[in-house]
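Trainee: Before I ask anything, here is the structure I am working with.
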Amino acid sequence: MSLTTQLKERAEQSANKYPETIHKIMNNGIEILKDSQLTSRALKTGDKIPEIQLPNAANKTISVQELLVTKKVVLSFYRGGWCPYCNLELKALQQYQDKFDEQGATLVAISPETPDNSLSTSEKNNLSFEVLSDIDNKIANEFNLVFTLPKDLIEVYKGFGIDLIKSNGNENHQLPISATYVIDQDGTIIYDFIKEDYKERADPEDIYNTLKNK
């Protein structure tokens with residue numbers, strides 16, 4: 001089953017699980033994000049990426065530029081291990097890791113979670129690729145992907161048992177838009193997928209086809 005199909009099924013399950021008042025707040029958050037036109041300012045195909053050095057789940061600093069010396073990089077920004085759509089995406093990417101490698105690309109995921117929480121996400125999903133911690137969304141800000149959650153949505157998340165203060169190690173309640181990039185070895189973006197709706201993600205098959213045709 002494709003990731004796109006899995007995400008649609010999850011969204012349908014969610015629609016039946018929660019009351020309309022919850023869905024209204026969550027959908028309103030997406031509309032606010034669309035109205036902000038943040039995605040129009042995000043880095044896209046043709047842009048060069050900034051310097052990226054971040055700690056991995058074992059708290060070891062990883063340089064994306066060093067990875068680019070030998071391979072392209074598939075770079076995925078996700079919200080956190082608490083997000084079911086993110087977990088579906090991470091598992092789907094894991095299944096394609098060997099295929100990406102065959103096309104000369106390595107896989108890297110980035111979230112604002114602390115290294116300890118990234119480790120939990122990595123272990124929970126049996127991930128073998130690097131999962132990096134972008135504390136305070138410093139790198140995500142350089143990609144122009146960061147937004148602040150509306151107050152009513154923060155309360156909904158709390159009701160779900162999601163503690164962003166604990167997950168991210170700060171109190172700013174900021175998250176990155178879920179975005180996926182393919183980075184060429186010279187640091188140029190050759191593929192981007194950026195959507196305000198957190199339920200939409202780049203399908204690994206599309207990423208693979210991009211790598212195969214470049």
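To be explicit about the labels: the chains of the structure tokens are called A, B, and onward in the order shown, and within each one the residues are counted from 1, while ligands get numbers from 1 in the order they are shown.
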If you run DSSP on the backbone here, which positions in segment 18-213 of chain A get helix (DSSP H, G or I)? Please write them as a VMD selection string.

Mentor: chain A and resid 20 to 35 38 to 41 64 to 68 84 to 102 115 to 124 135 to 142 151 to 159 164 to 168 204 to 213

Trainee: Take the residues just selected and output them with C-alpha atoms as a short mmCIF file (atom, residue, chain, number, x, y, z; two decimals), in the first residue's frame.

Mentor:
data_model
loop_
_atom_site.label_atom_id
_atom_site.label_comp_id
_atom_site.auth_asym_id
_atom_site.auth_seq_id
_atom_site.Cartn_x
_atom_site.Cartn_y
_atom_site.Cartn_z
CA GLU A 20 -16.66 18.08 14.75
CA THR A 21 -15.48 20.81 17.13
CA ILE A 22 -11.99 19.24 17.20
CA HIS A 23 -11.86 18.91 13.41
CA LYS A 24 -12.96 22.52 13.01
CA ILE A 25 -10.05 23.78 15.15
CA MET A 26 -7.56 21.55 13.35
CA ASN A 27 -8.82 22.49 9.89
CA ASN A 28 -8.82 26.16 10.86
CA GLY A 29 -5.15 25.81 11.79
CA ILE A 30 -4.42 24.57 8.27
CA GLU A 31 -6.37 27.48 6.74
CA ILE A 32 -4.47 30.01 8.87
CA LEU A 33 -1.24 28.47 7.62
CA LYS A 34 -2.41 28.68 4.02
CA ASP A 35 -3.43 32.31 4.48
CA LEU A 38 4.47 30.59 4.32
CA THR A 39 4.98 27.92 1.66
CA SER A 40 5.55 30.60 -0.98
CA ARG A 41 8.61 31.74 1.00
CA VAL A 64 24.54 17.17 5.69
CA GLN A 65 27.21 18.88 3.60
CA GLU A 66 29.63 16.08 4.47
CA LEU A 67 27.04 13.52 3.37
CA LEU A 68 26.68 15.39 0.07
CA PRO A 84 0.80 9.54 13.52
CA TYR A 85 1.15 10.90 9.98
CA CYS A 86 4.86 11.51 10.57
CA ASN A 87 5.30 7.93 11.78
CA LEU A 88 3.59 6.58 8.68
CA GLU A 89 5.90 8.72 6.56
CA LEU A 90 9.05 7.66 8.41
CA LYS A 91 8.17 3.96 8.11
CA ALA A 92 7.45 4.36 4.39
CA LEU A 93 10.77 6.16 3.85
CA GLN A 94 12.55 3.36 5.73
CA GLN A 95 11.09 0.83 3.30
CA TYR A 96 12.55 2.80 0.39
CA GLN A 97 15.96 3.42 1.90
CA ASP A 98 17.70 0.70 -0.12
CA LYS A 99 16.09 1.93 -3.33
CA PHE A 100 17.26 5.48 -2.60
CA ASP A 101 20.74 4.12 -1.92
CA GLU A 102 20.74 2.34 -5.28
CA PRO A 115 17.79 13.93 20.77
CA ASP A 116 16.23 11.71 23.46
CA ASN A 117 12.82 12.00 21.84
CA SER A 118 14.33 11.49 18.38
CA LEU A 119 15.90 8.30 19.69
CA SER A 120 12.49 7.12 20.88
CA THR A 121 11.02 7.88 17.45
CA SER A 122 13.86 6.07 15.71
CA GLU A 123 13.55 2.98 17.90
CA LYS A 124 9.75 2.90 17.74
CA ILE A 135 16.28 22.40 18.50
CA ASP A 136 14.34 25.68 18.32
CA ASN A 137 13.78 24.97 14.59
CA LYS A 138 16.94 26.86 13.65
CA ILE A 139 17.47 24.98 10.37
CA ALA A 140 13.75 24.78 9.60
CA ASN A 141 13.64 28.58 9.98
CA GLU A 142 16.39 28.89 7.37
CA LYS A 151 -3.72 28.74 21.04
CA ASP A 152 -6.88 26.69 20.53
CA LEU A 153 -4.89 24.08 18.60
CA ILE A 154 -2.33 23.91 21.41
CA GLU A 155 -5.19 23.04 23.77
CA VAL A 156 -6.46 20.35 21.38
CA TYR A 157 -2.99 18.82 21.25
CA LYS A 158 -2.81 18.86 25.04
CA GLY A 159 -6.11 17.00 25.07
CA LEU A 164 5.34 19.96 22.77
CA ILE A 165 7.22 21.62 25.63
CA LYS A 166 8.52 18.21 26.71
CA SER A 167 9.07 16.98 23.14
CA ASN A 168 10.94 20.03 21.89
CA PRO A 204 8.52 7.68 -1.54
CA GLU A 205 7.79 6.36 -5.04
CA ASP A 206 7.80 9.95 -6.37
CA ILE A 207 11.08 10.61 -4.58
CA TYR A 208 12.55 7.44 -6.05
CA ASN A 209 11.44 8.40 -9.56
CA THR A 210 13.04 11.82 -9.14
CA LEU A 211 16.34 10.21 -8.17
CA LYS A 212 16.13 7.72 -11.04
CA ASN A 213 15.53 10.44 -13.62
#

Trainee: Would you list the contacts of Thr180 of chain A as an MDAnalysis selection string, taking every protein, DNA or RNA residue within 12 Å and counting only C-alpha atoms, but skipping same-chain residues closer than 5 positions in sequence?

Mentor: chainID A and resid 42:45 73:78 86 89:90 93 107:111 140 143 145 189:195 200:204 206:207

Trainee: Could you save those same residues with C-alpha atoms as an mmCIF file, in the first residue's frame?

Mentor:
data_model
loop_
_atom_site.group_PDB
_atom_site.id
_atom_site.type_symbol
_atom_site.label_atom_id
_atom_site.label_comp_id
_atom_site.auth_asym_id
_atom_site.auth_seq_id
_atom_site.Cartn_x
_atom_site.Cartn_y
_atom_site.Cartn_z
ATOM 1 C CA ALA A 42 9.983 28.262 1.706
ATOM 2 C CA LEU A 43 13.106 27.036 -0.064
ATOM 3 C CA LYS A 44 12.205 25.199 -3.258
ATOM 4 C CA THR A 45 13.654 23.470 -6.300
ATOM 5 C CA VAL A 73 20.432 13.562 0.218
ATOM 6 C CA VAL A 74 16.720 12.955 0.659
ATOM 7 C CA LEU A 75 15.812 15.389 3.444
ATOM 8 C CA SER A 76 12.515 15.092 5.317
ATOM 9 C CA PHE A 77 11.278 17.632 7.877
ATOM 10 C CA TYR A 78 8.666 16.073 10.177
ATOM 11 C CA CYS A 86 4.857 11.510 10.569
ATOM 12 C CA GLU A 89 5.901 8.720 6.557
ATOM 13 C CA LEU A 90 9.054 7.657 8.408
ATOM 14 C CA LEU A 93 10.773 6.156 3.855
ATOM 15 C CA LEU A 107 18.109 9.546 3.749
ATOM 16 C CA VAL A 108 17.990 12.094 6.590
ATOM 17 C CA ALA A 109 15.003 13.182 8.717
ATOM 18 C CA ILE A 110 14.821 16.354 10.823
ATOM 19 C CA SER A 111 12.410 17.334 13.608
ATOM 20 C CA ALA A 140 13.749 24.785 9.598
ATOM 21 C CA PHE A 143 14.172 26.863 5.042
ATOM 22 C CA LEU A 145 9.116 26.272 7.173
ATOM 23 C CA ILE A 189 17.371 21.393 -4.285
ATOM 24 C CA ILE A 190 16.171 19.247 -7.210
ATOM 25 C CA TYR A 191 12.818 18.184 -5.742
ATOM 26 C CA ASP A 192 10.481 19.660 -3.145
ATOM 27 C CA PHE A 193 7.184 18.699 -1.551
ATOM 28 C CA ILE A 194 5.752 21.315 0.816
ATOM 29 C CA LYS A 195 2.125 21.289 1.937
ATOM 30 C CA GLU A 200 -0.188 15.209 2.977
ATOM 31 C CA ARG A 201 3.363 13.885 2.490
ATOM 32 C CA ALA A 202 5.713 13.166 -0.392
ATOM 33 C CA ASP A 203 5.215 9.613 -1.585
ATOM 34 C CA PRO A 204 8.519 7.684 -1.542
ATOM 35 C CA ASP A 206 7.797 9.948 -6.372
ATOM 36 C CA ILE A 207 11.081 10.615 -4.581
#

Trainee: What does the structure give for the distance between atom CA of Thr106 of chain A and atom CA of Ile49 of chain A, in Å to one decimal?

Mentor: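 Atom CA of Thr106 of chain A sits 15.9 Å away from atom CA of Ile49 of chain A.
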
Trainee: Name the closest residue to Asp184 of chain A among the candidates A:Ala57, A:Val146, A:Ala105, A:Ala11; distances are taken between atoms, counting only C-alpha atoms.

Mentor: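 Checking each candidate against Asp184 of chain A, we get A:Ala105 as the closest.
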
Trainee: State, in Å with one decimal place, the distance from atom CA of Leu127 of chain A to atom CA of Asn56 of chain A.

Mentor: 12.3 Å
